[in-house]
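The next block is model08.txt, given as compact mmCIF, C-alpha atoms.
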# COMPACT_ATOMS: atom_id res chain seq x y z
CA MET A 1 -12.68 -0.89 21.24
CA TYR A 2 -13.43 0.56 17.80
CA SER A 3 -15.54 3.45 19.06
CA PHE A 4 -13.03 6.07 17.89
CA VAL A 5 -13.40 4.85 14.28
CA GLN A 6 -17.16 4.24 14.54
CA PRO A 7 -17.98 7.13 12.16
CA VAL A 8 -15.68 5.52 9.58
CA ILE A 9 -17.30 2.14 10.21
CA ASP A 10 -20.76 3.63 9.59
CA ILE A 11 -19.63 5.19 6.30
CA LEU A 12 -17.97 1.96 5.14
CA ALA A 13 -21.05 -0.08 6.08
CA SER A 14 -23.26 2.18 4.00
CA LEU A 15 -20.90 2.04 1.01
CA LEU A 16 -20.57 -1.72 1.28
CA GLN A 17 -24.35 -2.05 1.33
CA VAL A 18 -24.49 -0.12 -1.97
CA PHE A 19 -22.06 -2.53 -3.58
CA PHE A 20 -24.01 -5.49 -2.19
CA GLN A 21 -27.23 -4.18 -3.71
CA PHE A 22 -25.43 -4.17 -7.06
CA ALA A 23 -23.60 -7.51 -6.76
CA GLN A 24 -26.05 -9.48 -4.58
CA ASP A 25 -23.06 -11.31 -3.09
CA TRP A 26 -21.02 -10.09 -0.13
CA GLY A 27 -17.77 -11.50 -1.50
CA ILE A 28 -18.12 -9.65 -4.80
CA ALA A 29 -19.30 -6.57 -2.92
CA ILE A 30 -16.12 -6.53 -0.81
CA VAL A 31 -13.92 -6.94 -3.88
CA LEU A 32 -15.71 -4.08 -5.68
CA PHE A 33 -15.58 -1.97 -2.55
CA THR A 34 -11.83 -2.60 -2.21
CA LEU A 35 -11.21 -1.59 -5.81
CA PHE A 36 -13.30 1.55 -5.20
CA VAL A 37 -11.24 2.51 -2.13
CA ARG A 38 -7.92 1.79 -3.84
CA GLY A 39 -9.05 3.80 -6.84
CA LEU A 40 -9.80 6.78 -4.59
CA LEU A 41 -6.36 6.40 -2.99
CA PHE A 42 -4.54 6.09 -6.33
CA PRO A 43 -3.49 9.79 -6.46
CA LEU A 44 -1.83 9.38 -3.06
CA SER A 45 -0.29 6.09 -4.14
CA LEU A 46 1.07 7.76 -7.28
CA ARG A 47 2.50 10.58 -5.20
CA THR A 48 4.24 8.08 -2.93
CA ALA A 49 5.63 6.19 -5.92
CA ARG A 50 6.96 9.40 -7.45
CA GLN A 51 8.63 10.31 -4.18
CA THR A 52 10.27 6.88 -4.10
CA VAL A 53 11.61 7.33 -7.62
CA LEU A 54 12.93 10.81 -6.80
CA GLN A 55 14.74 9.55 -3.71
CA VAL A 56 16.48 6.88 -5.77
CA PHE A 57 17.31 9.45 -8.46
CA ILE A 58 19.03 11.85 -6.02
CA ARG A 59 20.82 9.13 -4.03
CA PRO A 60 24.21 9.59 -5.78
CA GLU A 61 24.18 13.31 -5.02
CA LEU A 62 23.02 12.62 -1.47
CA LYS A 63 25.94 10.24 -0.94
CA LEU A 64 28.36 12.95 -2.09
CA ILE A 65 26.87 15.38 0.42
CA GLN A 66 27.12 12.83 3.20
CA GLU A 67 30.75 12.17 2.38
CA ARG A 68 31.64 15.86 2.07
CA TYR A 69 30.03 16.95 5.34
CA LYS A 70 30.31 13.78 7.43
CA THR A 71 32.13 15.69 10.18
CA ASP A 72 29.79 18.69 10.11
CA GLN A 73 26.31 17.52 11.10
CA PRO A 74 24.58 20.95 10.95
CA LYS A 75 25.95 21.55 7.44
CA LEU A 76 25.06 18.01 6.42
CA MET A 77 21.47 18.54 7.54
CA GLU A 78 21.29 21.92 5.78
CA GLU A 79 22.63 20.60 2.48
CA THR A 80 20.41 17.52 2.66
CA MET A 81 17.33 19.68 3.18
CA ASN A 82 18.43 21.94 0.30
CA LEU A 83 18.76 18.91 -1.97
CA TYR A 84 15.34 17.63 -0.92
CA LYS A 85 13.81 21.05 -1.59
CA LYS A 86 15.49 21.32 -5.00
CA ALA A 87 14.40 17.80 -5.97
CA GLY A 88 10.88 18.16 -4.59
CA VAL A 89 11.41 15.28 -2.17
CA LYS A 90 9.07 15.27 0.83
CA PRO A 91 10.08 12.41 3.14
CA LEU A 92 6.84 12.44 5.13
CA ALA A 93 4.82 12.10 1.93
CA MET A 94 6.11 8.53 1.68
CA PHE A 95 3.84 7.55 4.56
CA SER A 96 0.71 9.44 3.53
CA THR A 97 -1.05 6.48 1.89
CA ALA A 98 -0.15 4.09 4.69
CA ILE A 99 -1.33 6.57 7.35
CA LEU A 100 -4.62 7.13 5.54
CA GLN A 101 -5.22 3.40 5.08
CA MET A 102 -4.65 2.64 8.77
CA PRO A 103 -7.99 3.97 10.09
CA ILE A 104 -9.73 2.40 7.07
CA PHE A 105 -8.16 -0.97 7.88
CA MET A 106 -9.12 -0.69 11.57
CA ALA A 107 -12.63 0.34 10.62
CA MET A 108 -12.91 -2.63 8.25
CA TYR A 109 -11.80 -4.92 11.07
CA GLY A 110 -14.48 -3.48 13.35
CA LEU A 111 -17.07 -3.57 10.57
CA PHE A 112 -16.60 -7.26 9.86
CA LEU A 113 -16.51 -8.18 13.54
CA SER A 114 -19.84 -6.45 14.14
CA HIS A 115 -21.60 -7.08 10.80
CA GLY A 116 -19.77 -10.05 9.35
CA ALA A 117 -22.10 -12.64 10.90
CA GLN A 118 -24.77 -11.61 8.39
CA MET A 119 -22.37 -11.86 5.45
CA SER A 120 -21.35 -14.89 3.39
CA SER A 121 -20.41 -15.70 -0.17
CA SER A 122 -20.51 -18.61 -2.56
CA PHE A 123 -16.89 -17.77 -3.44
CA ILE A 124 -15.78 -18.64 0.10
CA PRO A 125 -17.95 -21.65 0.94
CA TRP A 126 -15.65 -23.03 3.65
CA VAL A 127 -16.86 -20.46 6.22
CA ALA A 128 -20.42 -19.95 7.42
CA SER A 129 -20.04 -16.19 7.86
CA PHE A 130 -17.51 -13.46 7.19
CA SER A 131 -17.04 -12.76 10.90
CA GLN A 132 -15.18 -16.07 11.28
CA PHE A 133 -11.49 -16.49 10.60
CA ASP A 134 -10.35 -18.62 7.69
CA PRO A 135 -9.84 -22.13 9.15
CA TRP A 136 -7.68 -23.14 6.19
CA HIS A 137 -5.82 -19.80 6.18
CA ILE A 138 -6.12 -19.60 2.40
CA LEU A 139 -6.89 -15.89 2.20
CA PRO A 140 -4.21 -14.80 4.72
CA ALA A 141 -1.60 -16.81 2.81
CA LEU A 142 -2.83 -15.45 -0.53
CA ALA A 143 -2.82 -11.86 0.75
CA ALA A 144 0.69 -12.24 2.15
CA GLY A 145 1.91 -13.91 -1.04
CA LEU A 146 0.53 -11.16 -3.27
CA THR A 147 2.03 -8.53 -0.99
CA PHE A 148 5.40 -10.26 -1.20
CA VAL A 149 5.29 -10.51 -4.99
CA THR A 150 4.24 -6.85 -5.31
CA SER A 151 7.08 -5.66 -3.08
CA MET A 152 9.56 -7.65 -5.17
CA VAL A 153 8.57 -5.79 -8.35
CA PRO A 154 10.63 -2.56 -8.49
CA LEU A 155 8.94 0.59 -9.74
CA THR A 156 11.70 1.26 -12.28
CA SER A 157 14.72 -0.50 -13.73
CA GLU A 158 16.96 1.95 -11.85
CA MET A 159 15.45 0.78 -8.57
CA ALA A 160 16.08 -2.84 -9.55
CA ALA A 161 19.77 -2.05 -9.94
CA ASP A 162 19.85 0.10 -6.79
CA SER A 163 19.16 -2.77 -4.38
CA SER A 164 19.97 -6.46 -4.49
CA LEU A 165 17.38 -9.20 -4.69
CA ILE A 166 18.38 -10.41 -1.22
CA GLN A 167 17.81 -6.95 0.28
CA ARG A 168 14.35 -6.70 -1.25
CA MET A 169 13.48 -10.20 -0.12
CA GLY A 170 14.58 -9.42 3.44
CA SER A 171 12.36 -6.38 3.85
CA SER A 172 9.49 -8.09 2.00
CA LEU A 173 9.58 -11.14 4.25
CA VAL A 174 9.19 -8.90 7.29
CA MET A 175 5.98 -7.46 5.79
CA VAL A 176 4.71 -10.94 4.96
CA ILE A 177 5.18 -12.12 8.53
CA VAL A 178 3.38 -9.06 9.91
CA PHE A 179 0.44 -9.50 7.53
CA LEU A 180 0.15 -13.18 8.35
CA MET A 181 0.10 -12.43 12.07
CA VAL A 182 -2.63 -9.81 11.63
CA LEU A 183 -4.81 -11.81 9.23
CA TRP A 184 -4.30 -15.32 10.63
CA LYS A 185 -7.20 -15.10 13.09
CA ALA A 186 -8.93 -12.04 11.60
CA PRO A 187 -12.42 -12.17 10.05
CA VAL A 188 -12.28 -13.86 6.67
CA ALA A 189 -13.80 -10.74 5.10
CA LEU A 190 -10.72 -8.78 6.14
CA GLY A 191 -8.54 -11.36 4.39
CA LEU A 192 -10.65 -10.95 1.25
CA TYR A 193 -10.36 -7.16 1.51
CA TRP A 194 -6.58 -7.33 1.86
CA THR A 195 -6.22 -9.93 -0.89
CA SER A 196 -8.20 -7.75 -3.29
CA GLY A 197 -6.14 -4.72 -2.31
CA SER A 198 -2.89 -6.65 -2.80
CA LEU A 199 -4.01 -7.74 -6.25
CA PHE A 200 -4.81 -4.12 -7.09
CA GLY A 201 -1.34 -3.16 -5.85
CA LEU A 202 0.27 -5.78 -8.07
CA LEU A 203 -1.63 -4.49 -11.12
CA GLU A 204 -0.61 -0.97 -10.13
CA ARG A 205 3.06 -2.01 -10.13
CA GLY A 206 2.55 -3.58 -13.53
CA PHE A 207 1.11 -0.30 -14.80
CA TYR A 208 4.13 1.63 -13.50
CA ARG A 209 6.41 -0.75 -15.40
CA SER A 210 4.54 -0.13 -18.67
CA ARG A 211 5.52 2.60 -21.15
CA LEU A 212 2.59 4.81 -20.18
CA GLY A 213 3.14 4.13 -16.50
CA ARG A 214 6.79 5.13 -16.71
CA LYS A 215 5.81 8.46 -18.27
CA VAL A 216 3.26 9.09 -15.53
CA LEU A 217 5.63 8.00 -12.79
CA GLN A 218 8.67 9.90 -13.98
CA SER A 219 6.89 13.19 -14.54
CA GLY A 220 8.06 14.03 -11.03
CA ARG A 221 11.64 13.66 -12.21
CA SER A 222 10.94 15.92 -15.20
CA ASN A 223 9.57 18.57 -12.88
CA MET A 224 12.69 18.33 -10.76
CA LEU A 225 14.98 18.79 -13.75
CA MET A 226 13.06 21.91 -14.77
CA LYS A 227 13.91 23.62 -11.51
The structure given in the file should be rewritten as structure tokens.
Amino acid sequence: MYSFVQPVIDILASLLQVFFQFAQDWGIAIVLFTLFVRGLLFPLSLRTARQTVLQVFIRPELKLIQERYKTDQPKLMEETMNLYKKAGVKPLAMFSTAILQMPIFMAMYGLFLSHGAQMSSSFIPWVASFSQFDPWHILPALAAGLTFVTSMVPLTSEMAADSSLIQRMGSSLVMVIVFLMVLWKAPVALGLYWTSGSLFGLLERGFYRSRLGRKVLQSGRSNMLMK
């Protein structure tokens, strides 16, 4: 079933073994491994965040274009693409991190199904091995909760004003339900991996809300204004 991602599984297994040799605990090894992966993906995550900020920044101008050319679809498409080009907005870039994480996530699932029986941790004593699902569903609930909280934290104050709390909650709840469905009966190690990644994502949002983070995040807007 996971044969098409077997090369990725082999790489992840080797990396995870390195972290285990350092930590001497599979739970800590998975957390460290998750932070390592998310750190490698941070440039892509930053790019996605910048694209999100740019799309919010150009939304007033985009609405004017949509109103002006609402009866002329070819012209509307042309002017929209011109605005995107001028602003440096690349719609497909929004999905780059998610697309890259998908094979990693599938490979992690396969890795823990095939190797998880030999893994355990004193931090998760209520399961005998990491190949089992969490009978108390603590980690799936924690992962979903952290994901929900992260999605509720806007990248910038402008984004907080751009959408209502109810709108953000609606889209966030959909993600929570999906994550719960995926992790509910998944190997407990996958729940630990996702929980660690969600915590990293929450800290990442906190960084973007800091003074330094705002400068890093909004450099994309500065580049746009220089054009």
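Atom CA of A:Ser172 sits 19.4 Å away from atom CA of A:Ile138.
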Kindly provide, as a PDB file with C-alpha atoms, in the coordinates of the input, the polymer residues lying within 6 Å of (-20.9, -5.4, -3.6), counting all atoms listed in the file and using the coordinates exactly as they appear in the file.
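Contents of selection06.pdb, freshly written:
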ATOM      1  CA  PHE A  19     -22.060  -2.530  -3.580  1.00  0.00           C
ATOM      2  CA  PHE A  20     -24.010  -5.490  -2.190  1.00  0.00           C
ATOM      3  CA  PHE A  22     -25.430  -4.170  -7.060  1.00  0.00           C
ATOM      4  CA  ALA A  23     -23.600  -7.510  -6.760  1.00  0.00           C
ATOM      5  CA  TRP A  26     -21.020 -10.090  -0.130  1.00  0.00           C
ATOM      6  CA  ILE A  28     -18.120  -9.650  -4.800  1.00  0.00           C
ATOM      7  CA  ALA A  29     -19.300  -6.570  -2.920  1.00  0.00           C
ATOM      8  CA  ILE A  30     -16.120  -6.530  -0.810  1.00  0.00           C
ATOM      9  CA  LEU A  32     -15.710  -4.080  -5.680  1.00  0.00           C
TER      10      LEU A  32
END
_Can you measure atom CA of A:Thr48 to atom CA of A:Leu217 for me? One decimal in Å is fine._
10.0 Å
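Nearest to A:Arg214 of all the residues A:Ser157, A:Gln51, A:Ser120, A:Ser198 is A:Ser157, counting only C-alpha atoms.
The two atoms in question, atom CA of A:Leu40 and atom CA of A:Phe57, are spaced 27.5 Å apart.
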_Who sits within 12 Å of A:Ile9, only C-alpha atoms, same chain under 5 positions skipped, as a PyMOL selection string_ = chain A and resi 2-4+14-16+103-115
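In terms of minimum interatomic distance to A:Leu62, A:Val89 ranks closest within A:Val89, A:Leu46, A:Ile99, A:Val178, counting only C-alpha atoms.
Neighbours of stretch 75-86 of chain A closer than or equal to 9 Å, with all atoms listed in the file counted and sequence neighbours fewer than 5 positions away skipped, come out as Gln55, Ile58, Glu61, Leu62, Ile65, Gln66, Arg68, Tyr69, Lys70, Pro91, Met224 and Lys227 of chain A.
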Taking all heavy atoms as the atom set, what does stretch 42-53 of chain A look like once completed, written as an mmCIF file, keeping the file's coordinate frame?
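Listed below is the output, rebuild_33.cif:
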data_model
loop_
_atom_site.group_PDB
_atom_site.id
_atom_site.type_symbol
_atom_site.label_atom_id
_atom_site.label_comp_id
_atom_site.auth_asym_id
_atom_site.auth_seq_id
_atom_site.Cartn_x
_atom_site.Cartn_y
_atom_site.Cartn_z
ATOM 1 N N PHE A 42 -5.587 6.160 -5.307
ATOM 2 C CA PHE A 42 -4.540 6.090 -6.330
ATOM 3 C C PHE A 42 -3.712 7.373 -6.443
ATOM 4 O O PHE A 42 -2.491 7.303 -6.601
ATOM 5 C CB PHE A 42 -5.140 5.733 -7.688
ATOM 6 C CG PHE A 42 -4.121 5.680 -8.792
ATOM 7 C CD1 PHE A 42 -3.238 4.613 -8.890
ATOM 8 C CD2 PHE A 42 -4.024 6.721 -9.716
ATOM 9 C CE1 PHE A 42 -2.278 4.573 -9.903
ATOM 10 C CE2 PHE A 42 -3.071 6.683 -10.722
ATOM 11 C CZ PHE A 42 -2.188 5.612 -10.809
ATOM 12 N N PRO A 43 -4.328 8.573 -6.391
ATOM 13 C CA PRO A 43 -3.490 9.790 -6.460
ATOM 14 C C PRO A 43 -2.438 9.831 -5.357
ATOM 15 O O PRO A 43 -1.294 10.235 -5.606
ATOM 16 C CB PRO A 43 -4.512 10.922 -6.312
ATOM 17 C CG PRO A 43 -5.784 10.343 -6.849
ATOM 18 C CD PRO A 43 -5.772 8.910 -6.409
ATOM 19 N N LEU A 44 -2.808 9.415 -4.147
ATOM 20 C CA LEU A 44 -1.830 9.380 -3.060
ATOM 21 C C LEU A 44 -0.781 8.302 -3.308
ATOM 22 O O LEU A 44 0.405 8.498 -3.027
ATOM 23 C CB LEU A 44 -2.535 9.115 -1.723
ATOM 24 C CG LEU A 44 -3.252 10.302 -1.074
ATOM 25 C CD1 LEU A 44 -3.949 9.862 0.199
ATOM 26 C CD2 LEU A 44 -2.277 11.430 -0.785
ATOM 27 N N SER A 45 -1.221 7.168 -3.822
ATOM 28 C CA SER A 45 -0.290 6.090 -4.140
ATOM 29 C C SER A 45 0.700 6.530 -5.212
ATOM 30 O O SER A 45 1.905 6.232 -5.132
ATOM 31 C CB SER A 45 -1.062 4.857 -4.606
ATOM 32 O OG SER A 45 -0.179 3.819 -4.979
ATOM 33 N N LEU A 46 0.208 7.249 -6.227
ATOM 34 C CA LEU A 46 1.070 7.760 -7.280
ATOM 35 C C LEU A 46 2.072 8.762 -6.725
ATOM 36 O O LEU A 46 3.257 8.757 -7.090
ATOM 37 C CB LEU A 46 0.228 8.405 -8.381
ATOM 38 C CG LEU A 46 0.982 9.069 -9.531
ATOM 39 C CD1 LEU A 46 1.888 8.068 -10.246
ATOM 40 C CD2 LEU A 46 0.005 9.707 -10.510
ATOM 41 N N ARG A 47 1.609 9.608 -5.827
ATOM 42 C CA ARG A 47 2.500 10.580 -5.200
ATOM 43 C C ARG A 47 3.611 9.886 -4.420
ATOM 44 O O ARG A 47 4.773 10.282 -4.503
ATOM 45 C CB ARG A 47 1.692 11.484 -4.270
ATOM 46 C CG ARG A 47 2.501 12.579 -3.592
ATOM 47 C CD ARG A 47 1.664 13.312 -2.565
ATOM 48 N NE ARG A 47 2.421 14.353 -1.911
ATOM 49 C CZ ARG A 47 2.020 14.989 -0.812
ATOM 50 N NH1 ARG A 47 0.858 14.681 -0.258
ATOM 51 N NH2 ARG A 47 2.759 15.927 -0.262
ATOM 52 N N THR A 48 3.246 8.841 -3.680
ATOM 53 C CA THR A 48 4.240 8.080 -2.930
ATOM 54 C C THR A 48 5.239 7.417 -3.856
ATOM 55 O O THR A 48 6.453 7.417 -3.597
ATOM 56 C CB THR A 48 3.543 7.018 -2.062
ATOM 57 O OG1 THR A 48 2.625 7.653 -1.163
ATOM 58 C CG2 THR A 48 4.548 6.219 -1.262
ATOM 59 N N ALA A 49 4.745 6.843 -4.951
ATOM 60 C CA ALA A 49 5.630 6.190 -5.920
ATOM 61 C C ALA A 49 6.587 7.187 -6.544
ATOM 62 O O ALA A 49 7.777 6.892 -6.725
ATOM 63 C CB ALA A 49 4.795 5.495 -7.000
ATOM 64 N N ARG A 50 6.096 8.371 -6.872
ATOM 65 C CA ARG A 50 6.960 9.400 -7.450
ATOM 66 C C ARG A 50 8.041 9.829 -6.460
ATOM 67 O O ARG A 50 9.198 10.045 -6.832
ATOM 68 C CB ARG A 50 6.122 10.608 -7.876
ATOM 69 C CG ARG A 50 5.344 10.391 -9.168
ATOM 70 C CD ARG A 50 4.431 11.559 -9.453
ATOM 71 N NE ARG A 50 3.834 11.462 -10.782
ATOM 72 C CZ ARG A 50 2.842 12.236 -11.211
ATOM 73 N NH1 ARG A 50 2.329 13.169 -10.402
ATOM 74 N NH2 ARG A 50 2.359 12.098 -12.429
ATOM 75 N N GLN A 51 7.655 9.946 -5.193
ATOM 76 C CA GLN A 51 8.630 10.310 -4.180
ATOM 77 C C GLN A 51 9.711 9.234 -4.048
ATOM 78 O O GLN A 51 10.896 9.539 -3.893
ATOM 79 C CB GLN A 51 7.936 10.507 -2.834
ATOM 80 C CG GLN A 51 7.101 11.770 -2.738
ATOM 81 C CD GLN A 51 7.960 13.025 -2.680
ATOM 82 O OE1 GLN A 51 8.894 13.114 -1.905
ATOM 83 N NE2 GLN A 51 7.635 13.990 -3.528
ATOM 84 N N THR A 52 9.304 7.977 -4.158
ATOM 85 C CA THR A 52 10.270 6.880 -4.100
ATOM 86 C C THR A 52 11.251 6.958 -5.255
ATOM 87 O O THR A 52 12.473 6.800 -5.068
ATOM 88 C CB THR A 52 9.531 5.527 -4.136
ATOM 89 O OG1 THR A 52 8.600 5.460 -3.059
ATOM 90 C CG2 THR A 52 10.517 4.373 -4.024
ATOM 91 N N VAL A 53 10.745 7.213 -6.443
ATOM 92 C CA VAL A 53 11.610 7.330 -7.620
ATOM 93 C C VAL A 53 12.572 8.506 -7.475
ATOM 94 O O VAL A 53 13.760 8.397 -7.799
ATOM 95 C CB VAL A 53 10.752 7.481 -8.895
ATOM 96 C CG1 VAL A 53 11.623 7.814 -10.092
ATOM 97 C CG2 VAL A 53 9.968 6.201 -9.160
#
